[in-house]
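Contents: one structure, followed by commentary.
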Amino acid sequence: MKHRDFDVIVIGGGHAGTEAADAAARLGANTALVTLRRDGIGVMSCNPAIGGLGKGHLVREIDAMDGLMGRAADRAGIQFRLLNRRKGPAVQGPRAQADRRIFRETIQSFLAGRPGLKIIEGEVTDLVMRGDRASGVVLADGAEIHAGAVVLTTGTFLRGVIHIGDEQRPGGRMGDKPSIRLAERIDSFGLPLGRLKTGTPPRLDGRSINWNALESQPGDDEPVLFSFLSEKPTQRQVACGITHTNAQTHEIIRENLERSAMYGGHIDGVGPRYCPSIEDKVVRFGDKESHQIFLEPEGLDDTTVYPNGISTSLPQDVQADYVRSIAGLENARIVQPGYAIEYDYVDPRSVSSSLELNRVPGLFLAGQINGTTGYEEAGAQGLIAGLNASLSAQGRDPVHFSRTQSYIGVMIDDLVTRGVAEPYRMFTSRAEFRLSLRADNADQRLTPVAEKLGCLGKLRQRVFGEKMDALHNARARLDGMSLTPKQVSTVGIKINADGQRRSGFDLLAFPDVGFSDLLRLDPELALVPRQIRDQMERDALYANYIQRQQLDVAAMKRDEAHVIPSDFDYEGLEGLSNELKFKLAQVQPGTLGQAGRVDGMTPAALALILAQLRRLERRSA
Amino acid sequence: METIYALATARGKAGVAVIRLSGPRAAAAASALCGSLPPARRAGLRRLRNADGTTLDEALVLWFEAGASFTGEEVAELHCHGSPAIVNAVLGALSRIDGLRLAEPGEFTRRALENERLDLAQVEGLADLIEAETEAQRRQALRVLEGAIGKRAESWRADLIRAAALLEATIDFVDEDVPVDVAPEVLDLLNRVKADLEHEAAGVSVSERIRDGFEVAIVGAPNVGKSTLLNALAGREAAITSEYAGTTRDVIEVRMDLAGLPVTILDTAGLRETGDVVEEIGINRAKQRARAADLRVFLLDDMGSTVGLTPLAEDIVIQGKADLLSDGTGVSGKTGQGIGDLVAQITARLETRAERAATVTRERHRTAIIRALASIESARNEIERGSGTTELVAEELRMASRALDSLVGRVDVEHILDEIFASFCLGK
């Protein structure tokens, strides 16, 4: 048997790859990250922002597991905004504009400082196979590197094609080589592949923009950061600009539609509906007279501006024309033209909840290759793939994240049970237990998981421990209060004289009662720090709803407790339709809960599977 | 999947007996008995033979392809002569074919449900249709079987999804070009669904009546002719009648079809003060049943007494033993005088109620609707409170949709996202 050079090899240095490599190493695996160029590690290849609705939740969860993205975004943040500030905490999402250079350098410095992680520059052209199992990589120079597990995070590099108007050239993102030989190896596994597309807008020279003519969008006065370890921004804060397309812009686009790669018939891949190109917007929503554009600075000492909202695959001359038709951009210079990119993805129903390919043990997939879009979605998958690759290499059981516990769990479950029809992006509406899976309590939900796994740094362990103590104490103090309606009403809180005694926490659940109202009932509560008070208010706000959801949570957990072995024989299961047999064999749901979410599943079929599981249990007992 | 077979018509002697087969080997098994099959969906006269070539019967043979049949599977039907001996012989021949077994009770319908040929409400409708004894029952069950509940639910679902999509758009796409104040449209949608659901919830008890029968109680003093009237209505001796007061100690029920409506007539014990303990029990029970009935017919004696029960506005009050009167009013079970009028009055009153029937027919449906209504009401309150916690409104709508799930099928986040993307231009 060949000796092992590393426990885990991660291919790719994007957001999925860096989280995967760092997570694997944090868990004690001897890890290598193989990437084309060392200085390309941690590059933000699309818009210069991290977070948002649903995405901000993912970043918080990555951070709660002691991952990189939150801390790097905080370090690089040049504008912080908490989205949905006026709505409830469950749907508030932190978002930041990030200085590209600082973000990239921060990620690189984190990786450089991670013991047990080695970075190798090179092109992976093939995988080393031992039977069905992936056990290493082959580099372009022919060198073989052996490992216990391999994580593939090649983004849009699989048969990537870049389109600008009717020009096409193979490539991942601009300036990088596509991995065609690696794609052939993936083909040899016979996995179902699909084709997706995504686009970018033309990048503008900020010095050529007439900022004075434009509306400005500053950051929040009280910035909310990502990491539970961060306190305040470290960079100078800047504003974004806002402008709009107009009738003339739309006219130019309409006249040149057939020259766009999309509408000229050069692109077959499916694009995301929530991030359409400007051509799409003009065609699909023809009655809209203008579309909003955010002008996002790419960095403090970078003059490039990212016009968010006008991604395109039109030819360069048309891009220049329509950009200049927009208010404030009359003299704008295009630094890099917008382009569309088409790429292959692997139907994520081919991977298990640990993101390991069902057909190729030892090979884990994370990021865009699984059909997702976005840094945050990629990073979160990288984290899970890295942890599980590390666990697999160490002969330990995989770690799974439930829908009841995290957005990460929701995303992975969606991917592996339902597949994707367009690039998958996180939304808060995807999480049925949204009220309990909040950005503010990501640490309470996941840091204990990380602690148990053993991938938690000392600093975070200490900070988290202190916070939990403070939370428990404050909660105990609130729960210990027992107040009659009369006592309560003396401090001006409106309440029914129903004779029922209530705790401080019960009172906080009233719509108009805040923590400060309780101070007059128990002056000692004044000692509770602001952060802990806020947390109590947020917990209380949803307490009644969360209690109502407990039945659903319990039902889901019950279904997830029924583990379906990976060799479960659907073919021989009497009573299942052929269509379902095929789907189930392809998806290989890990639990009865997941089986229930497979498209086309019926209650009757679930009952058949459960009955068979019981028979198997009895047989083995 | 096994192929199942069973006698689809009632047991016993009849003109025709239909044996049904369903499953992948249905057509093959039928042709094993009858030789060549007629074209799909066309009847053909065939001789059914045992494996040894002896003739079983001459039958009409009919088959349907998978995907175009009641169960969704391949189905074959053998319309034999309705003799128990023939049926047994054919069932026996089928049992000797490999891969076939006798169907469990309800298994054909279950397969239709599993293959999504019918939804749960339609299965209930089918069960009711088979049980239907009267015209109103038949119409109602058929409406359910044809998917009326599903269709109504589909429109509520569309409204709830639209409302949820509007709310979710303001949550998940707050930074983009989506309308900021969606409250008016959401309230409109919720009010519409609410009004519908309230109508359904109110009507479901009437629908249940059509399914299970209306109860009409005949009440009155002892020996006023209640039992004789019941017998006359029923056209047979259902209750014991005698000359002596207090003969009917228990409540006697006779089920009948009045102009298409299923009606159970209750003959109650004569209501009077009594020292007899047993009779007293009977009288109390009679009063209870009479109060709970849908309609009461008060038979008056010479004294005009209503015996401790107050007639409600729609109740019928009529003079009994009209044969002893001379003015031609009232009703007499003995002579049949006034019976036609009485039946017409009962029918008219019940028909007015039947018009209020809802699409939904069962308590299960009503419970789901009440739960959905409660959530919709909370959602409306939350919107009107204007607190901005859109996520709580969205949560209530999620619960409302889930409550309607049993009528409606699953509401999926993908449906909400579809609606959002179809309605708004998103994408910075």
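So you can find residues: chains in the structure tokens are A, B, ... in the order shown, residues in each start at 1, and ligands are numbered from 1 in order.
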Notebook entry, point to check: Which residues come within 8 Å of Glu2 (chain B), counting only C-alpha atoms, excluding same-chain residues fewer than 3 positions away, as a PyMOL selection string?
Noted result: (chain A and resi 574-575) or (chain B and resi 23-25+99-101)
Selection from above, C-alpha atoms, as a compact mmCIF listing (two decimals), in the first residue's frame, can you write it?
```txt
# COMPACT_ATOMS: atom_id res chain seq x y z
CA GLU A 574 -42.22 -4.27 -3.16
CA GLY A 575 -44.79 -1.55 -3.73
CA GLY B 23 -51.07 -4.52 -11.55
CA PRO B 24 -48.34 -5.21 -14.08
CA ARG B 25 -49.67 -8.69 -14.92
CA GLY B 99 -47.73 -13.29 -9.31
CA LEU B 100 -51.42 -12.76 -8.58
CA ARG B 101 -53.09 -12.50 -5.22
```
Margin query: Give me, as a ChimeraX atom specification, the residues of chain A touching chain B, with the criterion being at most 9 Å (counting only C-alpha atoms).
Written below: /A:52-54,83-84,86-92,273-277,281,284-285,288,291-294,307-311,427-432,434-435,511,542,545,573-577,602-605
Notebook entry, point to check: Near Ser208 (chain A), counting only C-alpha atoms, which residues have an atom at most 9 Å away, once you skip same-chain residues fewer than 2 positions from it, shown as a PyMOL selection string?
Noted result: chain A and resi 204-206+210-211+329-333
Could those selected residues go to a file with all heavy atoms, as an mmCIF file, in the first residue's frame?
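Ended up saving to out36.cif:
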```cif
data_model
loop_
_atom_site.group_PDB
_atom_site.id
_atom_site.type_symbol
_atom_site.label_atom_id
_atom_site.label_comp_id
_atom_site.auth_asym_id
_atom_site.auth_seq_id
_atom_site.Cartn_x
_atom_site.Cartn_y
_atom_site.Cartn_z
ATOM 1 N N LEU A 204 -16.029 49.260 -13.562
ATOM 2 C CA LEU A 204 -15.838 50.653 -13.954
ATOM 3 C C LEU A 204 -14.679 51.285 -13.190
ATOM 4 O O LEU A 204 -14.339 50.867 -12.085
ATOM 5 C CB LEU A 204 -17.113 51.453 -13.678
ATOM 6 C CG LEU A 204 -18.405 50.855 -14.251
ATOM 7 C CD1 LEU A 204 -19.600 51.707 -13.836
ATOM 8 C CD2 LEU A 204 -18.317 50.734 -15.770
ATOM 9 N N ASP A 205 -14.091 52.321 -13.805
ATOM 10 C CA ASP A 205 -13.073 53.116 -13.131
ATOM 11 C C ASP A 205 -13.795 54.177 -12.297
ATOM 12 O O ASP A 205 -14.466 55.064 -12.842
ATOM 13 C CB ASP A 205 -12.156 53.772 -14.172
ATOM 14 C CG ASP A 205 -11.019 54.548 -13.513
ATOM 15 O OD1 ASP A 205 -11.162 54.934 -12.327
ATOM 16 O OD2 ASP A 205 -9.996 54.759 -14.188
ATOM 17 N N GLY A 206 -13.677 54.067 -10.991
ATOM 18 C CA GLY A 206 -14.414 54.954 -10.074
ATOM 19 C C GLY A 206 -14.103 56.421 -10.309
ATOM 20 O O GLY A 206 -14.940 57.292 -10.033
ATOM 21 N N ASN A 210 -19.351 60.290 -11.995
ATOM 22 C CA ASN A 210 -19.740 61.580 -11.425
ATOM 23 C C ASN A 210 -20.540 61.342 -10.143
ATOM 24 O O ASN A 210 -21.765 61.367 -10.123
ATOM 25 C CB ASN A 210 -20.567 62.360 -12.455
ATOM 26 C CG ASN A 210 -20.991 63.722 -11.911
ATOM 27 O OD1 ASN A 210 -20.494 64.154 -10.863
ATOM 28 N ND2 ASN A 210 -21.894 64.374 -12.618
ATOM 29 N N TRP A 211 -19.829 61.091 -9.041
ATOM 30 C CA TRP A 211 -20.454 60.704 -7.771
ATOM 31 C C TRP A 211 -21.395 61.781 -7.249
ATOM 32 O O TRP A 211 -22.390 61.485 -6.593
ATOM 33 C CB TRP A 211 -19.386 60.415 -6.705
ATOM 34 C CG TRP A 211 -18.535 59.225 -7.033
ATOM 35 C CD1 TRP A 211 -17.304 59.227 -7.594
ATOM 36 C CD2 TRP A 211 -18.882 57.842 -6.826
ATOM 37 N NE1 TRP A 211 -16.843 57.939 -7.755
ATOM 38 C CE2 TRP A 211 -17.791 57.068 -7.285
ATOM 39 C CE3 TRP A 211 -19.994 57.192 -6.307
ATOM 40 C CZ2 TRP A 211 -17.779 55.680 -7.234
ATOM 41 C CZ3 TRP A 211 -19.985 55.806 -6.242
ATOM 42 C CH2 TRP A 211 -18.890 55.059 -6.716
ATOM 43 N N LEU A 329 -22.856 58.023 -15.038
ATOM 44 C CA LEU A 329 -21.862 57.173 -15.710
ATOM 45 C C LEU A 329 -21.576 57.674 -17.131
ATOM 46 O O LEU A 329 -21.034 56.933 -17.951
ATOM 47 C CB LEU A 329 -22.351 55.714 -15.764
ATOM 48 C CG LEU A 329 -22.779 55.078 -14.432
ATOM 49 C CD1 LEU A 329 -23.152 53.599 -14.634
ATOM 50 C CD2 LEU A 329 -21.664 55.170 -13.393
ATOM 51 N N GLU A 330 -21.966 58.931 -17.393
ATOM 52 C CA GLU A 330 -21.874 59.446 -18.761
ATOM 53 C C GLU A 330 -20.460 59.345 -19.321
ATOM 54 O O GLU A 330 -20.256 59.154 -20.520
ATOM 55 C CB GLU A 330 -22.330 60.920 -18.824
ATOM 56 C CG GLU A 330 -23.808 61.144 -18.535
ATOM 57 C CD GLU A 330 -24.132 61.260 -17.042
ATOM 58 O OE1 GLU A 330 -23.215 61.038 -16.209
ATOM 59 O OE2 GLU A 330 -25.297 61.546 -16.701
ATOM 60 N N ASN A 331 -19.457 59.466 -18.450
ATOM 61 C CA ASN A 331 -18.075 59.403 -18.903
ATOM 62 C C ASN A 331 -17.334 58.183 -18.364
ATOM 63 O O ASN A 331 -16.103 58.160 -18.314
ATOM 64 C CB ASN A 331 -17.329 60.685 -18.485
ATOM 65 C CG ASN A 331 -17.993 61.914 -19.083
ATOM 66 O OD1 ASN A 331 -18.207 61.982 -20.288
ATOM 67 N ND2 ASN A 331 -18.353 62.864 -18.221
ATOM 68 N N ALA A 332 -18.125 57.200 -17.888
ATOM 69 C CA ALA A 332 -17.491 56.069 -17.206
ATOM 70 C C ALA A 332 -16.602 55.261 -18.152
ATOM 71 O O ALA A 332 -16.943 55.034 -19.314
ATOM 72 C CB ALA A 332 -18.578 55.174 -16.604
ATOM 73 N N ARG A 333 -15.427 54.875 -17.637
ATOM 74 C CA ARG A 333 -14.520 54.004 -18.382
ATOM 75 C C ARG A 333 -14.685 52.578 -17.870
ATOM 76 O O ARG A 333 -14.745 52.342 -16.648
ATOM 77 C CB ARG A 333 -13.068 54.463 -18.173
ATOM 78 C CG ARG A 333 -12.623 55.572 -19.106
ATOM 79 C CD ARG A 333 -11.114 55.791 -18.984
ATOM 80 N NE ARG A 333 -10.691 56.000 -17.597
ATOM 81 C CZ ARG A 333 -10.761 57.191 -16.964
ATOM 82 N NH1 ARG A 333 -11.257 58.248 -17.582
ATOM 83 N NH2 ARG A 333 -10.356 57.305 -15.711
#
```
Margin query: Taking only C-alpha atoms into account, name the residue in B:Ile4, B:Leu45, B:Ile97, B:Leu299 that is nearest to Thr109 (chain B).
Written below: B:Ile4
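Using only C-alpha atoms, the nearest neighbour of Glu107 (chain B) within the list B:Ala8, B:Ala17, B:Leu160, B:Leu33 is B:Ala8.
Within 7 Å of region 328-335 of chain B there are Gly225, Thr228, Leu229, Ala232, Ile318, Gln319, Gly320, Lys321, Ala322 and Asp323 of chain B, counting only C-alpha atoms and ignoring same-chain residues fewer than 5 positions away.
Residues in contact with His3 (chain A) at up to 12 Å, not including ones fewer than 3 positions away on its chain and judged by only C-alpha atoms, are Phe6, Asp7, Ser135, Gly136, Glu144, Ile145, His146, Ala147 and Gly148 of chain A.
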Checklist line | Who sits within 7 Å of region 285-292 of chain B, only C-alpha atoms, same chain under 4 positions skipped, as a VMD selection string | finding: chain B and resid 217 251 268 to 269 281 296
Please save N, CA, C and O atoms of the selected residues as a PDB file, in the first residue's frame.
```
ATOM      1  N   ALA B 217     -87.367  14.745  14.353  1.00  0.00           N
ATOM      2  CA  ALA B 217     -87.980  14.101  15.507  1.00  0.00           C
ATOM      3  C   ALA B 217     -89.478  14.403  15.522  1.00  0.00           C
ATOM      4  O   ALA B 217     -89.892  15.537  15.280  1.00  0.00           O
ATOM      5  N   VAL B 251     -86.251   5.478  21.713  1.00  0.00           N
ATOM      6  CA  VAL B 251     -86.338   6.266  20.489  1.00  0.00           C
ATOM      7  C   VAL B 251     -86.221   5.308  19.314  1.00  0.00           C
ATOM      8  O   VAL B 251     -85.312   4.491  19.257  1.00  0.00           O
ATOM      9  N   THR B 268     -90.262   9.514  19.178  1.00  0.00           N
ATOM     10  CA  THR B 268     -89.845   9.649  20.577  1.00  0.00           C
ATOM     11  C   THR B 268     -90.950   9.175  21.495  1.00  0.00           C
ATOM     12  O   THR B 268     -92.114   9.109  21.120  1.00  0.00           O
ATOM     13  N   ALA B 269     -90.539   8.879  22.726  1.00  0.00           N
ATOM     14  CA  ALA B 269     -91.526   8.469  23.724  1.00  0.00           C
ATOM     15  C   ALA B 269     -92.487   9.619  23.966  1.00  0.00           C
ATOM     16  O   ALA B 269     -92.114  10.781  23.883  1.00  0.00           O
ATOM     17  N   ILE B 281     -86.945   7.600  32.089  1.00  0.00           N
ATOM     18  CA  ILE B 281     -85.674   7.548  31.337  1.00  0.00           C
ATOM     19  C   ILE B 281     -85.932   7.727  29.860  1.00  0.00           C
ATOM     20  O   ILE B 281     -85.287   8.495  29.157  1.00  0.00           O
ATOM     21  N   ARG B 296     -88.014  19.397  14.167  1.00  0.00           N
ATOM     22  CA  ARG B 296     -88.986  18.717  15.020  1.00  0.00           C
ATOM     23  C   ARG B 296     -90.386  18.901  14.440  1.00  0.00           C
ATOM     24  O   ARG B 296     -90.740  19.986  13.980  1.00  0.00           O
TER      25      ARG B 296
END
```
Next item on the list: Give me every helix (DSSP H, G or I) residue in region 158-369 of chain B, going by DSSP on the backbone, as number ranges by chain.
Entry: B: 158-172, 183-212, 226-234, 277-292, 322-324, 339-354, 363-369
Checklist line | Those in region 55-114 of chain A with strand (DSSP E or B) from DSSP, as a ChimeraX atom specification | finding: /A:77-83,93-98
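Taking CA of Gly82 (chain B) and CA of Ala10 (chain B) as endpoints, the distance between them is 9.5 Å.
Computed from the coordinates, the CA of Ser566 (chain A) to CA of Gly590 (chain A) distance equals 7.1 Å.
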Near-Val224 (chain A) list (9 Å; only C-alpha atoms; drop same-chain fewer than 3 positions) as a PDB file with N, CA, C and O atoms, in the first residue's frame:
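Result file follows (part_25.pdb):
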```
ATOM      1  N   PHE A  80     -20.619  48.335   6.542  1.00  0.00           N
ATOM      2  CA  PHE A  80     -21.431  47.289   7.163  1.00  0.00           C
ATOM      3  C   PHE A  80     -22.888  47.736   7.221  1.00  0.00           C
ATOM      4  O   PHE A  80     -23.175  48.855   7.638  1.00  0.00           O
ATOM      5  N   ARG A  81     -23.772  46.846   6.767  1.00  0.00           N
ATOM      6  CA  ARG A  81     -25.202  47.142   6.901  1.00  0.00           C
ATOM      7  C   ARG A  81     -25.926  45.893   7.379  1.00  0.00           C
ATOM      8  O   ARG A  81     -25.691  44.796   6.876  1.00  0.00           O
ATOM      9  N   LEU A  82     -26.790  46.073   8.373  1.00  0.00           N
ATOM     10  CA  LEU A  82     -27.639  44.969   8.812  1.00  0.00           C
ATOM     11  C   LEU A  82     -28.945  45.071   8.033  1.00  0.00           C
ATOM     12  O   LEU A  82     -29.709  46.015   8.227  1.00  0.00           O
ATOM     13  N   PRO A  94     -26.594  40.247   8.373  1.00  0.00           N
ATOM     14  CA  PRO A  94     -25.452  41.155   8.254  1.00  0.00           C
ATOM     15  C   PRO A  94     -24.841  41.089   6.855  1.00  0.00           C
ATOM     16  O   PRO A  94     -24.809  40.023   6.233  1.00  0.00           O
ATOM     17  N   ARG A  95     -24.418  42.244   6.352  1.00  0.00           N
ATOM     18  CA  ARG A  95     -23.815  42.306   5.024  1.00  0.00           C
ATOM     19  C   ARG A  95     -22.703  43.332   5.072  1.00  0.00           C
ATOM     20  O   ARG A  95     -22.807  44.327   5.798  1.00  0.00           O
ATOM     21  N   ASP A 220     -24.277  51.411   8.189  1.00  0.00           N
ATOM     22  CA  ASP A 220     -25.030  51.670   9.423  1.00  0.00           C
ATOM     23  C   ASP A 220     -24.215  52.504  10.400  1.00  0.00           C
ATOM     24  O   ASP A 220     -22.991  52.412  10.442  1.00  0.00           O
ATOM     25  N   GLU A 231     -15.291  42.990  17.228  1.00  0.00           N
ATOM     26  CA  GLU A 231     -16.023  44.029  17.948  1.00  0.00           C
ATOM     27  C   GLU A 231     -16.401  45.205  17.075  1.00  0.00           C
ATOM     28  O   GLU A 231     -17.541  45.628  17.071  1.00  0.00           O
ATOM     29  N   LYS A 232     -15.401  45.755  16.349  1.00  0.00           N
ATOM     30  CA  LYS A 232     -15.754  46.887  15.499  1.00  0.00           C
ATOM     31  C   LYS A 232     -14.913  46.878  14.229  1.00  0.00           C
ATOM     32  O   LYS A 232     -13.879  46.200  14.162  1.00  0.00           O
ATOM     33  N   PRO A 233     -15.361  47.633  13.227  1.00  0.00           N
ATOM     34  CA  PRO A 233     -14.629  47.662  11.963  1.00  0.00           C
ATOM     35  C   PRO A 233     -13.208  48.170  12.172  1.00  0.00           C
ATOM     36  O   PRO A 233     -12.958  48.989  13.060  1.00  0.00           O
TER      37      PRO A 233
END
```
Checklist line | Atomic separation - CA of Leu365 (chain A) relative to CA of Gln588 (chain A), Å | finding: 16.1 Å
